[in-house]
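Below is one structure, written out as structure tokens; the observations come after it.
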Amino acid sequence: MRPDEYWKNFNLGTELDIAGRFLFNGLLAFHEMEHFAAEEDAFEFLYSVAVGVERLLKIAIILTEHDTAVDQESFEKSLITHTHQDLALRLREPHSLKFPARENEFIALLGQFYTSQRYSRYSLNSVFAPTHERDKLVKFLEKHLDIKIDTSGWLTITRNERKHRKFIGKVVSKIVNPVHQIIEDEARRLNIYTYEIDYQSKASKIFLSKKFDFEDEDILQAELLAYFLSSEACGPNAQLIRDLIKPLPFDPAREGEYLAALRCDRKKIAVLDELEALYEDVTNFKERRELLEASALENLTYGEEVEDEDIEDFDFDNSEDGDGR
């Protein structure tokens, strides 16, 4: 295999997975936003999506434009840009790639953010426009959803709802899917496999499942909770938890917060503080933690062939890397 073939087949395949992970992380950040007031939330979303789209466009450009006759140094220099609109234009003629006006506007928003705004707070001038990326995102949502978003009121602040998440997912999908199709078509033309993605990777959600929101994940959590709370959960993990792990006295009034903590990492912070306080009354802390770690193993051995009361006989399947496999 020639160096250029290896580059396009393997290195760009890795880049495709990386691009998908950035897109996944950005969409998840938007999914977990409670409201639109925090500029940090807008930054996290825009940064990840901007990087993901940029890398995706560059993969498509390389597969489309590069051949052994090009000046390699000049070609690589032409990729050193963060202007998303210019990158997209390089795919317009060879692939008739034309985005709708709304998606073009969002691409421009990503480009402006990445080239002009992501480091702006390191400048003293930022005091005159401290929330520019948030405000740009809010204006985009207000314009295309025909709504008014409140970012200043204490009681009237606009919450991030399903309609906002579905809209953003649709916009990103209409940018990502056509570019990914170009990558797949060009890879097939070159008889390489750049488009192949591990189905367990974050990128598989974007490029294989083509899902751009996290509603299914939220439903999955609810379904799994329903299962584990029922008598149908009779495998080794559920049995160990029921038999040997006494629940801590969490507050029933906060059950909604606890469920949210299962879905969202940032929600775990407050609950972790409560957990630390509850642990102060646990006398067999080390044993409890060992049992909890064992309960999460994918290949746990526990059940009829093991004496329930004799934890010394458990096969926790603990390997050196701690994954239990």
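Labeling convention for the structure tokens: chains A, B, ... as they appear, residues from 1 per chain, ligands from 1 in order of appearance.
Excluding region 60-75 of chain A itself and same-chain residues fewer than 4 positions from it, the residues having an atom within 8 Å of it are Asp4, Lys8, Leu56, Leu79, Leu87, Arg90, Leu91, Pro94, Val179, His180, Ile182, Ile183, Glu186 and Ala187 of chain A, counting only C-alpha atoms.
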Would you mind exporting all heavy atoms of the selected residues as a CSV table (one decimal), in the first residue's frame?
chain,number,residue,atom,x,y,z
A,4,ASP,N,0.2,7.4,0.4
A,4,ASP,CA,-1.0,8.2,0.3
A,4,ASP,C,-2.2,7.3,0.5
A,4,ASP,O,-3.2,7.8,1.0
A,4,ASP,CB,-1.0,8.9,-1.1
A,4,ASP,CG,-1.1,7.9,-2.3
A,4,ASP,OD1,-0.2,7.1,-2.4
A,4,ASP,OD2,-2.1,8.0,-3.0
A,8,LYS,N,-5.0,7.9,3.5
A,8,LYS,CA,-6.4,8.1,3.3
A,8,LYS,C,-7.2,7.0,3.9
A,8,LYS,O,-8.4,7.3,4.4
A,8,LYS,CB,-6.7,8.2,1.8
A,8,LYS,CG,-6.1,9.4,1.1
A,8,LYS,CD,-6.2,9.4,-0.4
A,8,LYS,CE,-5.5,10.5,-1.1
A,8,LYS,NZ,-5.5,10.4,-2.5
A,56,LEU,N,-14.5,17.0,9.6
A,56,LEU,CA,-15.3,16.2,8.6
A,56,LEU,C,-15.1,16.8,7.2
A,56,LEU,O,-14.9,16.1,6.2
A,56,LEU,CB,-16.8,16.2,9.0
A,56,LEU,CG,-17.6,15.2,8.3
A,56,LEU,CD1,-17.3,13.8,8.7
A,56,LEU,CD2,-19.1,15.5,8.6
A,79,LEU,N,-5.1,23.4,3.8
A,79,LEU,CA,-6.1,22.8,4.8
A,79,LEU,C,-5.9,23.5,6.2
A,79,LEU,O,-6.7,23.3,7.1
A,79,LEU,CB,-5.8,21.3,5.0
A,79,LEU,CG,-6.1,20.4,3.8
A,79,LEU,CD1,-5.6,19.0,4.1
A,79,LEU,CD2,-7.5,20.4,3.4
A,87,LEU,N,-14.2,26.0,3.5
A,87,LEU,CA,-14.0,24.6,3.3
A,87,LEU,C,-15.2,24.0,2.6
A,87,LEU,O,-15.0,23.1,1.7
A,87,LEU,CB,-13.8,23.9,4.7
A,87,LEU,CG,-12.5,24.2,5.4
A,87,LEU,CD1,-12.6,23.7,6.9
A,87,LEU,CD2,-11.3,23.6,4.7
A,90,ARG,N,-15.2,24.4,-1.2
A,90,ARG,CA,-14.3,23.5,-2.0
A,90,ARG,C,-15.0,22.2,-2.4
A,90,ARG,O,-14.6,21.5,-3.3
A,90,ARG,CB,-13.1,23.2,-1.2
A,90,ARG,CG,-12.2,24.4,-1.1
A,90,ARG,CD,-11.0,24.2,-0.1
A,90,ARG,NE,-10.0,23.2,-0.6
A,90,ARG,CZ,-8.8,23.0,0.0
A,90,ARG,NH1,-8.5,23.8,1.0
A,90,ARG,NH2,-8.0,22.1,-0.5
A,91,LEU,N,-16.1,21.9,-1.8
A,91,LEU,CA,-16.9,20.7,-2.1
A,91,LEU,C,-18.1,21.0,-3.0
A,91,LEU,O,-18.8,20.0,-3.5
A,91,LEU,CB,-17.4,20.0,-0.8
A,91,LEU,CG,-16.2,19.5,0.1
A,91,LEU,CD1,-16.9,19.0,1.4
A,91,LEU,CD2,-15.5,18.3,-0.5
A,94,PRO,N,-17.3,20.0,-7.1
A,94,PRO,CA,-17.1,18.6,-7.5
A,94,PRO,C,-18.3,17.7,-7.0
A,94,PRO,O,-18.5,16.6,-7.6
A,94,PRO,CB,-15.8,18.2,-6.7
A,94,PRO,CG,-15.7,19.2,-5.7
A,94,PRO,CD,-16.3,20.5,-6.2
A,179,VAL,N,-22.0,15.6,3.9
A,179,VAL,CA,-20.5,15.6,3.9
A,179,VAL,C,-20.0,14.2,4.2
A,179,VAL,O,-19.1,13.7,3.5
A,179,VAL,CB,-19.9,16.6,4.9
A,179,VAL,CG1,-18.4,16.5,4.9
A,179,VAL,CG2,-20.4,18.0,4.6
A,180,HIS,N,-20.7,13.5,5.1
A,180,HIS,CA,-20.3,12.1,5.3
A,180,HIS,C,-20.5,11.2,4.1
A,180,HIS,O,-19.8,10.3,3.8
A,180,HIS,CB,-21.0,11.5,6.5
A,180,HIS,CG,-20.7,10.1,6.9
A,180,HIS,ND1,-21.5,9.0,6.5
A,180,HIS,CD2,-19.6,9.6,7.5
A,180,HIS,CE1,-20.9,7.9,6.9
A,180,HIS,NE2,-19.8,8.2,7.5
A,182,ILE,N,-20.3,12.2,1.0
A,182,ILE,CA,-19.2,12.4,0.1
A,182,ILE,C,-18.0,11.6,0.5
A,182,ILE,O,-17.3,11.0,-0.4
A,182,ILE,CB,-18.8,13.9,0.1
A,182,ILE,CG1,-20.0,14.8,-0.5
A,182,ILE,CG2,-17.5,14.2,-0.6
A,182,ILE,CD1,-19.8,16.2,-0.4
A,183,ILE,N,-17.7,11.5,1.8
A,183,ILE,CA,-16.6,10.7,2.3
A,183,ILE,C,-16.7,9.3,1.9
A,183,ILE,O,-15.8,8.6,1.4
A,183,ILE,CB,-16.4,10.9,3.8
A,183,ILE,CG1,-15.9,12.3,4.1
A,183,ILE,CG2,-15.4,9.9,4.4
A,183,ILE,CD1,-16.0,12.6,5.6
A,186,GLU,N,-16.4,8.9,-2.0
A,186,GLU,CA,-15.0,9.1,-2.4
A,186,GLU,C,-14.1,7.9,-2.0
A,186,GLU,O,-13.2,7.4,-2.7
A,186,GLU,CB,-14.4,10.4,-1.9
A,186,GLU,CG,-14.9,11.6,-2.6
A,186,GLU,CD,-14.6,11.6,-4.1
A,186,GLU,OE1,-13.4,11.6,-4.4
A,186,GLU,OE2,-15.5,11.6,-4.9
A,187,ALA,N,-14.4,7.4,-0.8
A,187,ALA,CA,-13.6,6.2,-0.3
A,187,ALA,C,-13.9,5.0,-1.2
A,187,ALA,O,-13.0,4.2,-1.6
A,187,ALA,CB,-14.0,5.9,1.1
Taking only residues of region 166-252 of chain A that have an atom at most 12 Å from an atom of region 126-143 of chain A, what is each one's shortest atom pair and its distance in Å to one decimal, using only C-alpha atoms, in chain and number order, as CSV?
residue,atom,partner,partner_atom,distance
A:Lys166,CA,A:Leu141,CA,11.6
A:Phe167,CA,A:Leu141,CA,8.5
A:Ile168,CA,A:Leu141,CA,8.5
A:Val171,CA,A:Leu141,CA,10.8
File dump, residues just selected, C-alpha atoms, as a compact mmCIF listing (two decimals), in the first residue's frame:
# COMPACT_ATOMS: atom_id res chain seq x y z
CA LYS A 166 -34.73 18.37 18.05
CA PHE A 167 -34.16 21.53 16.04
CA ILE A 168 -30.40 21.65 16.69
CA VAL A 171 -29.64 21.42 11.64
Select from region 165-284 of chain A everything DSSP, run on the backbone, classes as helix (DSSP H, G or I), then give the selection as number ranges by chain.
A: 165-189, 202-207, 215-228, 236-244, 252-263, 265-279
Neighbour list for Ser201 (chain A) as a count of residues only, cut-off 9 Å, only C-alpha atoms, skip fewer than 2 positions in-chain:
9
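With only C-alpha atoms as the atoms that count, the minimum distance from Asn237 (chain A) to the choices A:Phe207, A:Arg159, A:Arg92, A:Asn299 is reached by A:Asn299.
Using only C-alpha atoms, the residues found no farther than 9 Å from region 111-124 of chain A, other than those of its own chain fewer than 6 positions away, are A:Phe43, A:Leu46, A:Tyr47, A:Ala50, A:Val51, A:Glu54, A:Thr81, A:His82, A:Thr83, A:His84, A:Gln85, A:Pro130, A:His132, A:Glu133, A:Lys136.
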Keeping only all heavy atoms, write the selected residues to a file as a tab-separated table (two decimals), in the first residue's frame.
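Printed below is result_13.tsv as written:
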chain	number	residue	atom	x	y	z
A	43	PHE	N	-20.54	27.87	24.71
A	43	PHE	CA	-19.17	27.65	24.25
A	43	PHE	C	-18.90	26.17	24.07
A	43	PHE	O	-18.35	25.73	23.05
A	43	PHE	CB	-18.17	28.24	25.25
A	43	PHE	CG	-16.74	28.16	24.80
A	43	PHE	CD1	-16.11	29.27	24.26
A	43	PHE	CD2	-16.01	26.98	24.91
A	43	PHE	CE1	-14.78	29.21	23.83
A	43	PHE	CE2	-14.69	26.90	24.49
A	43	PHE	CZ	-14.07	28.02	23.95
A	46	LEU	N	-20.79	24.89	20.91
A	46	LEU	CA	-20.26	25.41	19.65
A	46	LEU	C	-18.84	24.92	19.38
A	46	LEU	O	-18.50	24.61	18.24
A	46	LEU	CB	-20.31	26.94	19.67
A	46	LEU	CG	-21.70	27.58	19.64
A	46	LEU	CD1	-21.61	29.08	19.85
A	46	LEU	CD2	-22.39	27.27	18.32
A	47	TYR	N	-18.02	24.86	20.41
A	47	TYR	CA	-16.64	24.44	20.21
A	47	TYR	C	-16.58	23.01	19.67
A	47	TYR	O	-15.91	22.73	18.67
A	47	TYR	CB	-15.86	24.53	21.52
A	47	TYR	CG	-14.39	24.22	21.37
A	47	TYR	CD1	-13.47	25.23	21.10
A	47	TYR	CD2	-13.90	22.91	21.48
A	47	TYR	CE1	-12.12	24.96	20.94
A	47	TYR	CE2	-12.56	22.63	21.32
A	47	TYR	CZ	-11.67	23.65	21.06
A	47	TYR	OH	-10.34	23.38	20.89
A	50	ALA	N	-18.11	22.78	16.13
A	50	ALA	CA	-17.25	23.47	15.16
A	50	ALA	C	-16.05	22.60	14.79
A	50	ALA	O	-15.70	22.47	13.61
A	50	ALA	CB	-16.79	24.81	15.71
A	51	VAL	N	-15.42	22.00	15.78
A	51	VAL	CA	-14.27	21.13	15.51
A	51	VAL	C	-14.70	19.90	14.71
A	51	VAL	O	-14.05	19.50	13.75
A	51	VAL	CB	-13.59	20.70	16.83
A	51	VAL	CG1	-12.49	19.67	16.56
A	51	VAL	CG2	-12.99	21.91	17.53
A	54	GLU	N	-15.52	20.92	11.07
A	54	GLU	CA	-14.29	21.29	10.35
A	54	GLU	C	-13.48	20.05	9.95
A	54	GLU	O	-13.04	19.93	8.80
A	54	GLU	CB	-13.43	22.19	11.23
A	54	GLU	CG	-12.09	22.57	10.58
A	54	GLU	CD	-11.16	23.30	11.53
A	54	GLU	OE1	-11.65	24.08	12.36
A	54	GLU	OE2	-9.94	23.07	11.44
A	81	THR	N	-6.86	26.06	7.89
A	81	THR	CA	-7.86	27.12	7.97
A	81	THR	C	-8.97	26.65	8.90
A	81	THR	O	-9.21	25.46	9.04
A	81	THR	CB	-8.45	27.46	6.59
A	81	THR	OG1	-9.47	28.46	6.77
A	81	THR	CG2	-9.06	26.24	5.93
A	82	HIS	N	-9.61	27.61	9.53
A	82	HIS	CA	-10.75	27.29	10.38
A	82	HIS	C	-12.02	27.94	9.85
A	82	HIS	O	-13.02	28.04	10.58
A	82	HIS	CB	-10.49	27.76	11.82
A	82	HIS	CG	-9.28	27.15	12.44
A	82	HIS	ND1	-9.11	25.79	12.55
A	82	HIS	CD2	-8.18	27.72	12.99
A	82	HIS	CE1	-7.95	25.54	13.15
A	82	HIS	NE2	-7.37	26.70	13.41
A	83	THR	N	-11.99	28.36	8.60
A	83	THR	CA	-13.14	29.01	8.00
A	83	THR	C	-14.04	27.94	7.38
A	83	THR	O	-13.78	27.44	6.29
A	83	THR	CB	-12.71	30.03	6.94
A	83	THR	OG1	-11.77	30.94	7.51
A	83	THR	CG2	-13.91	30.81	6.43
A	84	HIS	N	-15.08	27.61	8.09
A	84	HIS	CA	-15.94	26.51	7.67
A	84	HIS	C	-16.60	26.77	6.31
A	84	HIS	O	-16.74	25.84	5.50
A	84	HIS	CB	-17.03	26.28	8.73
A	84	HIS	CG	-16.50	25.80	10.04
A	84	HIS	ND1	-15.72	26.59	10.86
A	84	HIS	CD2	-16.64	24.61	10.68
A	84	HIS	CE1	-15.40	25.90	11.95
A	84	HIS	NE2	-15.95	24.71	11.87
A	85	GLN	N	-16.98	28.00	6.06
A	85	GLN	CA	-17.63	28.31	4.78
A	85	GLN	C	-16.69	28.08	3.60
A	85	GLN	O	-17.09	27.54	2.57
A	85	GLN	CB	-18.12	29.76	4.79
A	85	GLN	CG	-19.35	29.97	5.66
A	85	GLN	CD	-19.74	31.42	5.74
A	85	GLN	OE1	-18.98	32.27	6.20
A	85	GLN	NE2	-20.95	31.74	5.30
A	130	PRO	N	-19.21	40.25	26.54
A	130	PRO	CA	-18.82	39.06	27.29
A	130	PRO	C	-19.57	37.78	26.92
A	130	PRO	O	-19.13	36.69	27.24
A	130	PRO	CB	-19.13	39.45	28.73
A	130	PRO	CG	-20.24	40.44	28.61
A	130	PRO	CD	-19.97	41.21	27.34
A	132	HIS	N	-20.86	36.92	23.66
A	132	HIS	CA	-21.16	36.94	22.22
A	132	HIS	C	-21.56	35.59	21.65
A	132	HIS	O	-22.50	35.51	20.86
A	132	HIS	CB	-19.97	37.50	21.43
A	132	HIS	CG	-18.64	37.06	21.91
A	132	HIS	ND1	-17.53	37.85	21.84
A	132	HIS	CD2	-18.21	35.89	22.48
A	132	HIS	CE1	-16.48	37.20	22.34
A	132	HIS	NE2	-16.88	36.03	22.73
A	133	GLU	N	-20.86	34.49	22.02
A	133	GLU	CA	-21.22	33.20	21.44
A	133	GLU	C	-22.60	32.75	21.90
A	133	GLU	O	-23.37	32.20	21.12
A	133	GLU	CB	-20.17	32.12	21.73
A	133	GLU	CG	-20.05	31.70	23.19
A	133	GLU	CD	-18.94	32.44	23.90
A	133	GLU	OE1	-18.92	33.68	23.83
A	133	GLU	OE2	-18.07	31.77	24.51
A	136	LYS	N	-25.17	34.86	19.94
A	136	LYS	CA	-25.30	34.42	18.55
A	136	LYS	C	-26.15	33.16	18.46
A	136	LYS	O	-27.00	33.02	17.57
A	136	LYS	CB	-23.92	34.16	17.95
A	136	LYS	CG	-23.07	35.40	17.74
A	136	LYS	CD	-23.54	36.19	16.52
A	136	LYS	CE	-22.60	37.36	16.23
A	136	LYS	NZ	-23.04	38.15	15.06
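CA of Thr158 (chain A) lies 5.8 Å from CA of His35 (chain A).
Among the candidate residues A:Asn191, A:Ser230, A:Ser209, A:Thr301, the one lying nearest to Met1 (chain A) is A:Asn191, with distances computed using only C-alpha atoms.
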Quick one: everything within 9 Å of Leu27 (chain A), counting only C-alpha atoms, minus sequence neighbours fewer than 2 positions away in the same chain. Send it as a ChimeraX atom specification.
/A:22-25,29-32,45,48-49,165,168-169,172,212-214
Written selection (C-alpha atoms) as a short mmCIF file (atom, residue, chain, number, x, y, z; two decimals), in the first residue's frame:
data_model
loop_
_atom_site.label_atom_id
_atom_site.label_comp_id
_atom_site.auth_asym_id
_atom_site.auth_seq_id
_atom_site.Cartn_x
_atom_site.Cartn_y
_atom_site.Cartn_z
CA PHE A 22 -16.58 15.86 18.74
CA LEU A 23 -20.04 16.00 17.17
CA PHE A 24 -21.38 13.52 19.73
CA ASN A 25 -19.91 15.53 22.62
CA ALA A 29 -23.60 19.22 25.72
CA PHE A 30 -26.61 20.90 24.11
CA HIS A 31 -28.89 18.09 25.29
CA GLU A 32 -27.74 18.60 28.88
CA PHE A 45 -21.63 23.14 22.38
CA SER A 48 -17.23 20.70 19.90
CA VAL A 49 -19.55 20.96 16.91
CA ARG A 165 -32.89 19.87 21.02
CA ILE A 168 -30.40 21.65 16.69
CA GLY A 169 -30.10 17.95 15.91
CA VAL A 172 -26.43 19.54 12.43
CA PHE A 212 -28.49 13.60 16.37
CA ASP A 213 -30.34 13.79 19.68
CA PHE A 214 -30.28 11.81 22.91
#
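Rounded to one decimal, CA of Leu300 (chain A) and CA of Ala222 (chain A) lie 23.2 Å from each other.
When only C-alpha atoms are used to measure the gap to Ala19 (chain A), the shortest distance among A:Leu220, A:Thr283, A:Arg162, A:Lys58 belongs to A:Lys58.
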Would you please work out which residue, of A:Leu145, A:Leu57, A:Ile206, A:Leu275, is nearest to Pro249 (chain A) when using only C-alpha atoms?
A:Leu275
